Amino acid sequence: MKIALIGYGKMGKMIEQIALDRGHEIVSIIDIDNQQDFDSPEFASADVAIEFTAPQAAYGNYLKAWAKGVKVVSGSTGWMTEHGDEVRKACNEEGKTLFWASNFSIGVAIFSAVNRYLAKIMNQFPQYDVEMEETHHVHKLDHPSGTAITLAEEIVDNIDRKEAWKEDTTDKKFLRVDHIRRGEVPGIHTIRYDSDADLITITHDAHSRKGFALGAVLAAEYTSQHQGLLTISDMFKF
């Protein structure tokens, strides 16, 4: 498969190595200083572009890739509120393809499935209150993480006594989501169900970014054979 990389930070470099190890070809690498390469024949030759950049750049990158007929896999977060409707229309009505996930880790996909299942069970037991905490490295400026938001939405969708999620709240009708920034932590997400009798906790603790990078390459392999608006639940049928 021919892959273009949009964004060449730590994730981009790790994705490059894993893609090469799996026998793929990197035909174009676009970063902040060579945006003109979106118009290159090398970029246009890609089967899929893997995009990990900033929230303010992501949607524009999708448009540039789609203009060249290139499918996109993206892990950028923070663009959905402003551009979600346009992306859904492009993929559902205009033939564009985007595989988007807040987290590409296979372990997080499994954790997410457990989260949904546990929330459905706990909906029957109102004596348990639920809260979430996410911890990331000090370089991560946005909060809560995109993964935490996805997990929180899954809980709210399945627990009737929670109207929505919020940071810094003591109101029981909201799912409280806390964030911690320290050191070089790749990502820890913990969900706690607490009652007077006991505490039930599930945690995903990433050892490195390697799981995210491998998942992104697996998503690119999947995307090359599919179209439309895709996500982890399409690739993994849990």
# chains A, B, ... in the order shown; residues from 1 in each chain; ligands from 1

$ closest_atom_pairs --of "region 37-88 of chain A" --to "region 144-160 of chain A" --cutoff "9 Å" --atoms "only C-alpha atoms" --output "JSON lines"
{"residue": "A:Ser76", "atom": "CA", "partner": "A:Gly146", "partner_atom": "CA", "distance": 8.7}
{"residue": "A:Thr77", "atom": "CA", "partner": "A:Gly146", "partner_atom": "CA", "distance": 6.0}
{"residue": "A:Gly78", "atom": "CA", "partner": "A:Gly146", "partner_atom": "CA", "distance": 7.5}

$ write_last_selection --atoms "all heavy atoms" --output "JSON list (two decimals), in the first residue's frame"
[["chain", "number", "residue", "atom", "x", "y", "z"],
["A", 76, "SER", "N", -6.56, 13.10, 14.77],
["A", 76, "SER", "CA", -6.66, 14.45, 15.32],
["A", 76, "SER", "C", -8.02, 14.66, 15.98],
["A", 76, "SER", "O", -9.05, 14.24, 15.44],
["A", 76, "SER", "CB", -6.46, 15.49, 14.21],
["A", 76, "SER", "OG", -5.16, 15.40, 13.67],
["A", 77, "THR", "N", -8.02, 15.31, 17.12],
["A", 77, "THR", "CA", -9.26, 15.57, 17.84],
["A", 77, "THR", "C", -9.50, 17.07, 17.93],
["A", 77, "THR", "O", -8.64, 17.88, 17.61],
["A", 77, "THR", "CB", -9.22, 14.97, 19.25],
["A", 77, "THR", "OG1", -8.14, 15.56, 19.98],
["A", 77, "THR", "CG2", -9.02, 13.46, 19.21],
["A", 78, "GLY", "N", -10.70, 17.45, 18.35],
["A", 78, "GLY", "CA", -11.01, 18.84, 18.60],
["A", 78, "GLY", "C", -11.65, 19.57, 17.43],
["A", 78, "GLY", "O", -12.02, 20.73, 17.56]]

$ closest_atom_pairs --of "region 46-106 of chain A" --to "region 190-213 of chain A" --cutoff "9 Å" --atoms "only C-alpha atoms" --output "Markdown table"
| residue | atom | partner | partner_atom | distance |
| --- | --- | --- | --- | --- |
| A:Asn103 | CA | A:Phe212 | CA | 6.6 |
| A:Phe104 | CA | A:Phe212 | CA | 4.8 |
| A:Ser105 | CA | A:Phe212 | CA | 4.3 |
| A:Ile106 | CA | A:Gly211 | CA | 6.7 |

$ write_last_selection --atoms "N, CA and C atoms" --output "short mmCIF file (atom, residue, chain, number, x, y, z; two decimals), in the first residue's frame"
data_model
loop_
_atom_site.label_atom_id
_atom_site.label_comp_id
_atom_site.auth_asym_id
_atom_site.auth_seq_id
_atom_site.Cartn_x
_atom_site.Cartn_y
_atom_site.Cartn_z
N ASN A 103 -8.74 7.39 19.41
CA ASN A 103 -7.63 6.56 19.86
C ASN A 103 -7.59 5.29 19.02
N PHE A 104 -6.45 5.00 18.43
CA PHE A 104 -6.33 3.85 17.53
C PHE A 104 -5.80 2.60 18.22
N SER A 105 -5.52 2.66 19.51
CA SER A 105 -4.97 1.52 20.22
C SER A 105 -5.95 0.35 20.22
N ILE A 106 -5.44 -0.83 19.89
CA ILE A 106 -6.27 -2.04 19.95
C ILE A 106 -6.75 -2.26 21.39
#

$ closest_residue --among "A:Gln35, A:His189, A:Ala219, A:Ile3" --to "Val108 (chain A)" --atoms "only C-alpha atoms"
A:His189

$ residues_around --residues "region 50-57 of chain A" --least-positions-apart "5" --cutoff "7 Å" --atoms "only C-alpha atoms" --output "ChimeraX atom specification"
/A:4-7,12,72-79

$ write_last_selection --atoms "all heavy atoms" --output "compact mmCIF listing (two decimals), in the first residue's frame"
# COMPACT_ATOMS: atom_id res chain seq x y z
N ALA A 4 0.68 8.19 2.55
CA ALA A 4 1.19 9.54 2.79
C ALA A 4 1.03 9.84 4.27
O ALA A 4 0.05 9.43 4.90
CB ALA A 4 0.43 10.56 1.95
N LEU A 5 1.98 10.55 4.84
CA LEU A 5 1.90 10.97 6.23
C LEU A 5 1.66 12.48 6.28
O LEU A 5 2.37 13.25 5.63
CB LEU A 5 3.18 10.64 6.98
CG LEU A 5 3.58 9.17 7.07
CD1 LEU A 5 4.90 9.03 7.82
CD2 LEU A 5 2.49 8.35 7.76
N ILE A 6 0.64 12.89 7.04
CA ILE A 6 0.37 14.31 7.27
C ILE A 6 0.62 14.55 8.76
O ILE A 6 -0.14 14.10 9.61
CB ILE A 6 -1.06 14.69 6.89
CG1 ILE A 6 -1.38 14.26 5.45
CG2 ILE A 6 -1.28 16.19 7.06
CD1 ILE A 6 -2.84 14.47 5.06
N GLY A 7 1.71 15.25 9.05
CA GLY A 7 2.17 15.41 10.43
C GLY A 7 3.32 14.46 10.67
O GLY A 7 3.20 13.25 10.47
N GLY A 12 3.93 10.49 13.91
CA GLY A 12 4.18 10.30 12.50
C GLY A 12 5.40 9.43 12.24
O GLY A 12 5.40 8.55 11.38
N VAL A 72 -8.46 9.27 3.91
CA VAL A 72 -7.76 9.78 5.09
C VAL A 72 -8.05 8.92 6.31
O VAL A 72 -9.20 8.53 6.55
CB VAL A 72 -8.17 11.24 5.40
CG1 VAL A 72 -7.42 11.75 6.64
CG2 VAL A 72 -7.90 12.15 4.21
N VAL A 73 -7.00 8.63 7.07
CA VAL A 73 -7.10 8.08 8.42
C VAL A 73 -6.60 9.16 9.36
O VAL A 73 -5.51 9.70 9.16
CB VAL A 73 -6.24 6.80 8.58
CG1 VAL A 73 -6.17 6.38 10.05
CG2 VAL A 73 -6.81 5.67 7.73
N SER A 74 -7.39 9.52 10.38
CA SER A 74 -7.00 10.65 11.23
C SER A 74 -7.23 10.35 12.70
O SER A 74 -8.27 9.80 13.09
CB SER A 74 -7.80 11.90 10.86
OG SER A 74 -7.48 12.97 11.73
N GLY A 75 -6.25 10.76 13.51
CA GLY A 75 -6.38 10.68 14.96
C GLY A 75 -6.44 12.05 15.60
O GLY A 75 -6.36 12.17 16.82
N SER A 76 -6.56 13.10 14.77
CA SER A 76 -6.66 14.45 15.32
C SER A 76 -8.02 14.66 15.98
O SER A 76 -9.05 14.24 15.44
CB SER A 76 -6.46 15.49 14.21
OG SER A 76 -5.16 15.40 13.67
N THR A 77 -8.02 15.31 17.12
CA THR A 77 -9.26 15.57 17.84
C THR A 77 -9.50 17.07 17.93
O THR A 77 -8.64 17.88 17.61
CB THR A 77 -9.22 14.97 19.25
OG1 THR A 77 -8.14 15.56 19.98
CG2 THR A 77 -9.02 13.46 19.21
N GLY A 78 -10.70 17.45 18.35
CA GLY A 78 -11.01 18.84 18.60
C GLY A 78 -11.65 19.57 17.43
O GLY A 78 -12.02 20.73 17.56
N TRP A 79 -11.84 18.91 16.28
CA TRP A 79 -12.43 19.56 15.11
C TRP A 79 -13.91 19.23 14.94
O TRP A 79 -14.62 19.87 14.17
CB TRP A 79 -11.70 19.12 13.83
CG TRP A 79 -11.67 17.62 13.65
CD1 TRP A 79 -10.69 16.77 14.06
CD2 TRP A 79 -12.68 16.80 13.05
NE1 TRP A 79 -11.01 15.47 13.76
CE2 TRP A 79 -12.23 15.47 13.13
CE3 TRP A 79 -13.91 17.06 12.46
CZ2 TRP A 79 -12.98 14.39 12.65
CZ3 TRP A 79 -14.67 15.99 11.97
CH2 TRP A 79 -14.19 14.67 12.07

$ residues_around --residues "Glu221 (chain A)" --least-positions-apart "5" --cutoff "9 Å" --atoms "only C-alpha atoms" --output "PDB file with N, CA and C atoms, in the first residue's frame"
ATOM      1  N   MET A   1       0.832  -1.186   0.000  1.00  0.00           N
ATOM      2  CA  MET A   1       0.000   0.000   0.000  1.00  0.00           C
ATOM      3  C   MET A   1       0.877   1.249   0.000  1.00  0.00           C
ATOM      4  N   VAL A  48      -3.821   5.908   0.876  1.00  0.00           N
ATOM      5  CA  VAL A  48      -4.375   6.445   2.125  1.00  0.00           C
ATOM      6  C   VAL A  48      -3.377   7.443   2.703  1.00  0.00           C
ATOM      7  N   ALA A 216      -3.227   2.767  13.899  1.00  0.00           N
ATOM      8  CA  ALA A 216      -3.422   3.676  12.776  1.00  0.00           C
ATOM      9  C   ALA A 216      -3.054   3.013  11.452  1.00  0.00           C
TER      10      ALA A 216
END

$ closest_residue --among "A:His226, A:Arg161, A:Arg22, A:Arg182" --to "Leu98 (chain A)" --atoms "only C-alpha atoms"
A:His226

$ select_by_dssp --residues "region 31-199 of chain A" --states "alpha helix (DSSP H)" --output "PyMOL selection string"
chain A and resi 41-44+55-67+80-93+106-122+146-158

$ residues_around --residues "Asp178 (chain A)" --least-positions-apart "5" --cutoff "9 Å" --atoms "only C-alpha atoms" --output "list in words"
Glu131, Met132, Glu133, Glu134, Thr135, His143, Pro144, Lys166, Glu167 and Asp168 of chain A

$ residues_around --residues "Val27 (chain A)" --least-positions-apart "2" --cutoff "10 Å" --atoms "only C-alpha atoms" --output "list in words"
Met1, Lys2, Ile3, Ala4, Leu5, His24, Glu25, Ile29, Pro41, Glu42, Phe43, Ala44, Ser45, Ala46, Asp47 and Ala49 of chain A

$ write_last_selection --atoms "N, CA, C and O atoms" --output "CSV table (one decimal), in the first residue's frame"
chain,number,residue,atom,x,y,z
A,1,MET,N,0.8,-1.2,0.0
A,1,MET,CA,0.0,0.0,0.0
A,1,MET,C,0.9,1.2,0.0
A,1,MET,O,1.9,1.3,0.6
A,2,LYS,N,0.4,2.3,-0.7
A,2,LYS,CA,1.2,3.6,-0.7
A,2,LYS,C,0.5,4.5,0.3
A,2,LYS,O,-0.7,4.7,0.3
A,3,ILE,N,1.3,5.0,1.3
A,3,ILE,CA,0.8,5.8,2.4
A,3,ILE,C,1.5,7.1,2.3
A,3,ILE,O,2.7,7.3,2.1
A,4,ALA,N,0.7,8.2,2.6
A,4,ALA,CA,1.2,9.5,2.8
A,4,ALA,C,1.0,9.8,4.3
A,4,ALA,O,0.0,9.4,4.9
A,5,LEU,N,2.0,10.6,4.8
A,5,LEU,CA,1.9,11.0,6.2
A,5,LEU,C,1.7,12.5,6.3
A,5,LEU,O,2.4,13.2,5.6
A,24,HIS,N,4.7,-1.6,3.7
A,24,HIS,CA,4.0,-0.5,2.9
A,24,HIS,C,5.1,0.5,2.5
A,24,HIS,O,6.2,0.5,3.0
A,25,GLU,N,4.7,1.4,1.6
A,25,GLU,CA,5.6,2.4,1.0
A,25,GLU,C,5.1,3.8,1.5
A,25,GLU,O,4.0,4.1,1.4
A,29,ILE,N,5.6,12.8,2.8
A,29,ILE,CA,5.5,13.2,4.2
A,29,ILE,C,5.3,14.7,4.2
A,29,ILE,O,6.1,15.5,3.7
A,41,PRO,N,2.6,15.1,-7.2
A,41,PRO,CA,2.1,13.8,-7.8
A,41,PRO,C,2.3,12.6,-6.8
A,41,PRO,O,1.6,11.6,-6.8
A,42,GLU,N,3.4,12.8,-5.9
A,42,GLU,CA,3.7,11.7,-5.0
A,42,GLU,C,2.5,11.6,-4.0
A,42,GLU,O,2.1,10.5,-3.6
A,43,PHE,N,2.0,12.7,-3.5
A,43,PHE,CA,0.9,12.7,-2.5
A,43,PHE,C,-0.3,12.1,-3.2
A,43,PHE,O,-1.0,11.3,-2.6
A,44,ALA,N,-0.6,12.6,-4.4
A,44,ALA,CA,-1.8,12.1,-5.1
A,44,ALA,C,-1.7,10.6,-5.4
A,44,ALA,O,-2.8,10.0,-5.6
A,45,SER,N,-0.5,10.0,-5.4
A,45,SER,CA,-0.4,8.6,-5.7
A,45,SER,C,-0.7,7.7,-4.5
A,45,SER,O,-0.9,6.5,-4.6
A,46,ALA,N,-0.9,8.3,-3.3
A,46,ALA,CA,-1.2,7.5,-2.1
A,46,ALA,C,-2.5,6.9,-2.1
A,46,ALA,O,-3.5,7.4,-2.6
A,47,ASP,N,-2.6,5.6,-1.6
A,47,ASP,CA,-3.9,5.0,-1.4
A,47,ASP,C,-4.6,5.6,-0.2
A,47,ASP,O,-5.8,5.7,-0.2
A,49,ALA,N,-3.9,8.5,3.3
A,49,ALA,CA,-3.1,9.5,4.1
A,49,ALA,C,-3.4,9.3,5.5
A,49,ALA,O,-4.6,9.2,5.9

$ select_by_dssp --residues "region 12-127 of chain A" --states "strand (DSSP E or B)" --output "PyMOL selection string"
chain A and resi 25-30+48-51+71-74+98-100

$ residues_around --residues "Ala67 (chain A)" --least-positions-apart "2" --cutoff "10 Å" --atoms "only C-alpha atoms" --output "ChimeraX atom specification"
/A:38-39,44,61-65,69-71,96

$ write_last_selection --atoms "all heavy atoms" --output "compact mmCIF listing (two decimals), in the first residue's frame"
# COMPACT_ATOMS: atom_id res chain seq x y z
N PHE A 38 1.09 18.92 -0.82
CA PHE A 38 -0.27 18.42 -1.05
C PHE A 38 -0.56 18.38 -2.56
O PHE A 38 -1.38 17.58 -3.01
CB PHE A 38 -1.30 19.30 -0.36
CG PHE A 38 -1.57 18.94 1.08
CD1 PHE A 38 -1.18 19.79 2.11
CD2 PHE A 38 -2.23 17.75 1.42
CE1 PHE A 38 -1.44 19.47 3.44
CE2 PHE A 38 -2.48 17.42 2.74
CZ PHE A 38 -2.09 18.28 3.75
N ASP A 39 0.09 19.25 -3.33
CA ASP A 39 -0.15 19.34 -4.78
C ASP A 39 0.83 18.49 -5.59
O ASP A 39 0.84 18.56 -6.82
CB ASP A 39 -0.04 20.80 -5.24
CG ASP A 39 -1.13 21.66 -4.64
OD1 ASP A 39 -2.28 21.19 -4.53
OD2 ASP A 39 -0.84 22.83 -4.26
N ALA A 44 -0.59 12.56 -4.40
CA ALA A 44 -1.79 12.09 -5.12
C ALA A 44 -1.74 10.59 -5.40
O ALA A 44 -2.80 9.97 -5.62
CB ALA A 44 -1.96 12.86 -6.42
N ASN A 61 -6.74 19.73 6.32
CA ASN A 61 -5.95 18.63 5.76
C ASN A 61 -6.84 17.60 5.08
O ASN A 61 -6.48 17.05 4.03
CB ASN A 61 -5.12 17.97 6.86
CG ASN A 61 -4.01 18.86 7.37
OD1 ASN A 61 -3.52 19.73 6.65
ND2 ASN A 61 -3.59 18.65 8.61
N TYR A 62 -8.00 17.32 5.68
CA TYR A 62 -8.94 16.38 5.05
C TYR A 62 -9.34 16.90 3.66
O TYR A 62 -9.35 16.14 2.67
CB TYR A 62 -10.20 16.20 5.88
CG TYR A 62 -10.00 15.77 7.32
CD1 TYR A 62 -11.03 15.94 8.25
CD2 TYR A 62 -8.81 15.21 7.77
CE1 TYR A 62 -10.88 15.55 9.57
CE2 TYR A 62 -8.65 14.83 9.09
CZ TYR A 62 -9.69 15.01 9.99
OH TYR A 62 -9.54 14.64 11.30
N LEU A 63 -9.69 18.18 3.61
CA LEU A 63 -10.14 18.76 2.34
C LEU A 63 -9.05 18.68 1.28
O LEU A 63 -9.33 18.36 0.11
CB LEU A 63 -10.56 20.22 2.55
CG LEU A 63 -11.78 20.47 3.45
CD1 LEU A 63 -12.07 21.97 3.52
CD2 LEU A 63 -13.00 19.71 2.96
N LYS A 64 -7.80 18.96 1.66
CA LYS A 64 -6.69 18.92 0.70
C LYS A 64 -6.46 17.50 0.20
O LYS A 64 -6.18 17.29 -0.99
CB LYS A 64 -5.42 19.47 1.35
CG LYS A 64 -5.48 20.96 1.64
CD LYS A 64 -4.28 21.41 2.48
CE LYS A 64 -4.41 22.86 2.91
NZ LYS A 64 -3.33 23.26 3.84
N ALA A 65 -6.56 16.52 1.10
CA ALA A 65 -6.37 15.13 0.69
C ALA A 65 -7.52 14.67 -0.21
O ALA A 65 -7.28 14.04 -1.26
CB ALA A 65 -6.26 14.23 1.92
N GLY A 69 -8.18 13.02 -4.25
CA GLY A 69 -8.72 11.66 -4.33
C GLY A 69 -8.10 10.69 -3.36
O GLY A 69 -8.14 9.48 -3.57
N VAL A 70 -7.53 11.21 -2.26
CA VAL A 70 -6.84 10.37 -1.28
C VAL A 70 -7.72 10.16 -0.05
O VAL A 70 -8.22 11.13 0.53
CB VAL A 70 -5.49 11.00 -0.86
CG1 VAL A 70 -4.79 10.14 0.19
CG2 VAL A 70 -4.59 11.17 -2.08
N LYS A 71 -7.90 8.92 0.34
CA LYS A 71 -8.61 8.60 1.57
C LYS A 71 -7.78 9.02 2.79
O LYS A 71 -6.56 9.08 2.69
CB LYS A 71 -8.91 7.09 1.64
CG LYS A 71 -9.82 6.57 0.53
CD LYS A 71 -9.98 5.06 0.64
CE LYS A 71 -10.97 4.53 -0.38
NZ LYS A 71 -11.15 3.05 -0.27
N LYS A 96 -16.49 10.86 -0.18
CA LYS A 96 -15.18 10.95 0.47
C LYS A 96 -15.05 9.88 1.54
O LYS A 96 -16.05 9.32 2.01
CB LYS A 96 -14.99 12.34 1.11
CG LYS A 96 -15.32 13.51 0.21
CD LYS A 96 -14.53 13.50 -1.09
CE LYS A 96 -14.84 14.75 -1.91
NZ LYS A 96 -14.24 14.69 -3.27

$ closest_residue --among "A:Gly183, A:Gly228, A:Gly9, A:Gly23" --to "Thr97 (chain A)" --atoms "only C-alpha atoms"
A:Gly228

$ atom_distance --atom1 "CA of Ala58 (chain A)" --atom2 "CA of Arg181 (chain A)"
23.4 Å

$ atom_distance --atom1 "CA of Ala101 (chain A)" --atom2 "CA of Thr231 (chain A)"
5.7 Å

$ decode --residues "region 31-104 of chain A" --atoms "C-alpha atoms" --output "JSON list (two decimals), in the first residue's frame"
[["chain", "number", "residue", "atom", "x", "y", "z"],
["A", 31, "ASP", "CA", 4.64, 18.71, 7.75],
["A", 32, "ILE", "CA", 4.25, 22.38, 8.62],
["A", 33, "ASP", "CA", 7.11, 23.52, 6.37],
["A", 34, "ASN", "CA", 6.15, 21.79, 3.09],
["A", 35, "GLN", "CA", 2.40, 22.28, 2.70],
["A", 36, "GLN", "CA", 2.91, 22.72, -1.06],
["A", 37, "ASP", "CA", 3.48, 18.96, -1.29],
["A", 38, "PHE", "CA", -0.27, 18.42, -1.05],
["A", 39, "ASP", "CA", -0.15, 19.34, -4.78],
["A", 40, "SER", "CA", 2.63, 16.87, -5.60],
["A", 41, "PRO", "CA", 2.10, 13.78, -7.77],
["A", 42, "GLU", "CA", 3.66, 11.72, -4.96],
["A", 43, "PHE", "CA", 0.91, 12.71, -2.53],
["A", 44, "ALA", "CA", -1.79, 12.09, -5.12],
["A", 45, "SER", "CA", -0.41, 8.57, -5.68],
["A", 46, "ALA", "CA", -1.17, 7.54, -2.07],
["A", 47, "ASP", "CA", -3.87, 4.97, -1.36],
["A", 48, "VAL", "CA", -4.38, 6.45, 2.13],
["A", 49, "ALA", "CA", -3.06, 9.46, 4.06],
["A", 50, "ILE", "CA", -2.54, 9.07, 7.81],
["A", 51, "GLU", "CA", -3.10, 12.41, 9.56],
["A", 52, "PHE", "CA", -1.98, 13.29, 13.10],
["A", 53, "THR", "CA", -1.82, 17.07, 13.49],
["A", 54, "ALA", "CA", -3.56, 19.80, 15.49],
["A", 55, "PRO", "CA", -7.31, 20.43, 15.87],
["A", 56, "GLN", "CA", -7.14, 23.69, 13.94],
["A", 57, "ALA", "CA", -5.37, 22.04, 10.97],
["A", 58, "ALA", "CA", -7.16, 18.70, 10.71],
["A", 59, "TYR", "CA", -10.27, 19.63, 8.72],
["A", 60, "GLY", "CA", -8.25, 21.62, 6.18],
["A", 61, "ASN", "CA", -5.95, 18.63, 5.76],
["A", 62, "TYR", "CA", -8.94, 16.38, 5.05],
["A", 63, "LEU", "CA", -10.14, 18.76, 2.34],
["A", 64, "LYS", "CA", -6.69, 18.92, 0.70],
["A", 65, "ALA", "CA", -6.37, 15.13, 0.69],
["A", 66, "TRP", "CA", -9.88, 14.55, -0.61],
["A", 67, "ALA", "CA", -9.27, 17.09, -3.40],
["A", 68, "LYS", "CA", -6.52, 14.75, -4.62],
["A", 69, "GLY", "CA", -8.72, 11.66, -4.33],
["A", 70, "VAL", "CA", -6.84, 10.37, -1.28],
["A", 71, "LYS", "CA", -8.61, 8.60, 1.57],
["A", 72, "VAL", "CA", -7.76, 9.78, 5.09],
["A", 73, "VAL", "CA", -7.10, 8.08, 8.42],
["A", 74, "SER", "CA", -7.00, 10.65, 11.23],
["A", 75, "GLY", "CA", -6.38, 10.68, 14.96],
["A", 76, "SER", "CA", -6.66, 14.45, 15.32],
["A", 77, "THR", "CA", -9.26, 15.57, 17.84],
["A", 78, "GLY", "CA", -11.01, 18.84, 18.60],
["A", 79, "TRP", "CA", -12.43, 19.56, 15.11],
["A", 80, "MET", "CA", -15.73, 17.66, 15.43],
["A", 81, "THR", "CA", -17.85, 20.42, 16.99],
["A", 82, "GLU", "CA", -17.06, 22.94, 14.27],
["A", 83, "HIS", "CA", -16.76, 20.68, 11.23],
["A", 84, "GLY", "CA", -18.53, 17.43, 12.09],
["A", 85, "ASP", "CA", -21.56, 18.14, 9.88],
["A", 86, "GLU", "CA", -19.41, 18.98, 6.85],
["A", 87, "VAL", "CA", -17.34, 15.82, 7.31],
["A", 88, "ARG", "CA", -20.43, 13.62, 7.65],
["A", 89, "LYS", "CA", -21.93, 15.16, 4.50],
["A", 90, "ALA", "CA", -18.68, 14.72, 2.55],
["A", 91, "CYS", "CA", -18.42, 11.05, 3.52],
["A", 92, "ASN", "CA", -22.09, 10.09, 3.40],
["A", 93, "GLU", "CA", -23.17, 12.09, 0.33],
["A", 94, "GLU", "CA", -20.09, 13.11, -1.65],
["A", 95, "GLY", "CA", -18.08, 9.89, -1.77],
["A", 96, "LYS", "CA", -15.18, 10.95, 0.47],
["A", 97, "THR", "CA", -13.56, 8.59, 2.97],
["A", 98, "LEU", "CA", -12.38, 9.35, 6.51],
["A", 99, "PHE", "CA", -11.46, 6.77, 9.14],
["A", 100, "TRP", "CA", -11.50, 8.78, 12.36],
["A", 101, "ALA", "CA", -10.84, 7.63, 15.91],
["A", 102, "SER", "CA", -9.96, 9.47, 19.09],
["A", 103, "ASN", "CA", -7.63, 6.56, 19.86],
["A", 104, "PHE", "CA", -6.33, 3.85, 17.53]]
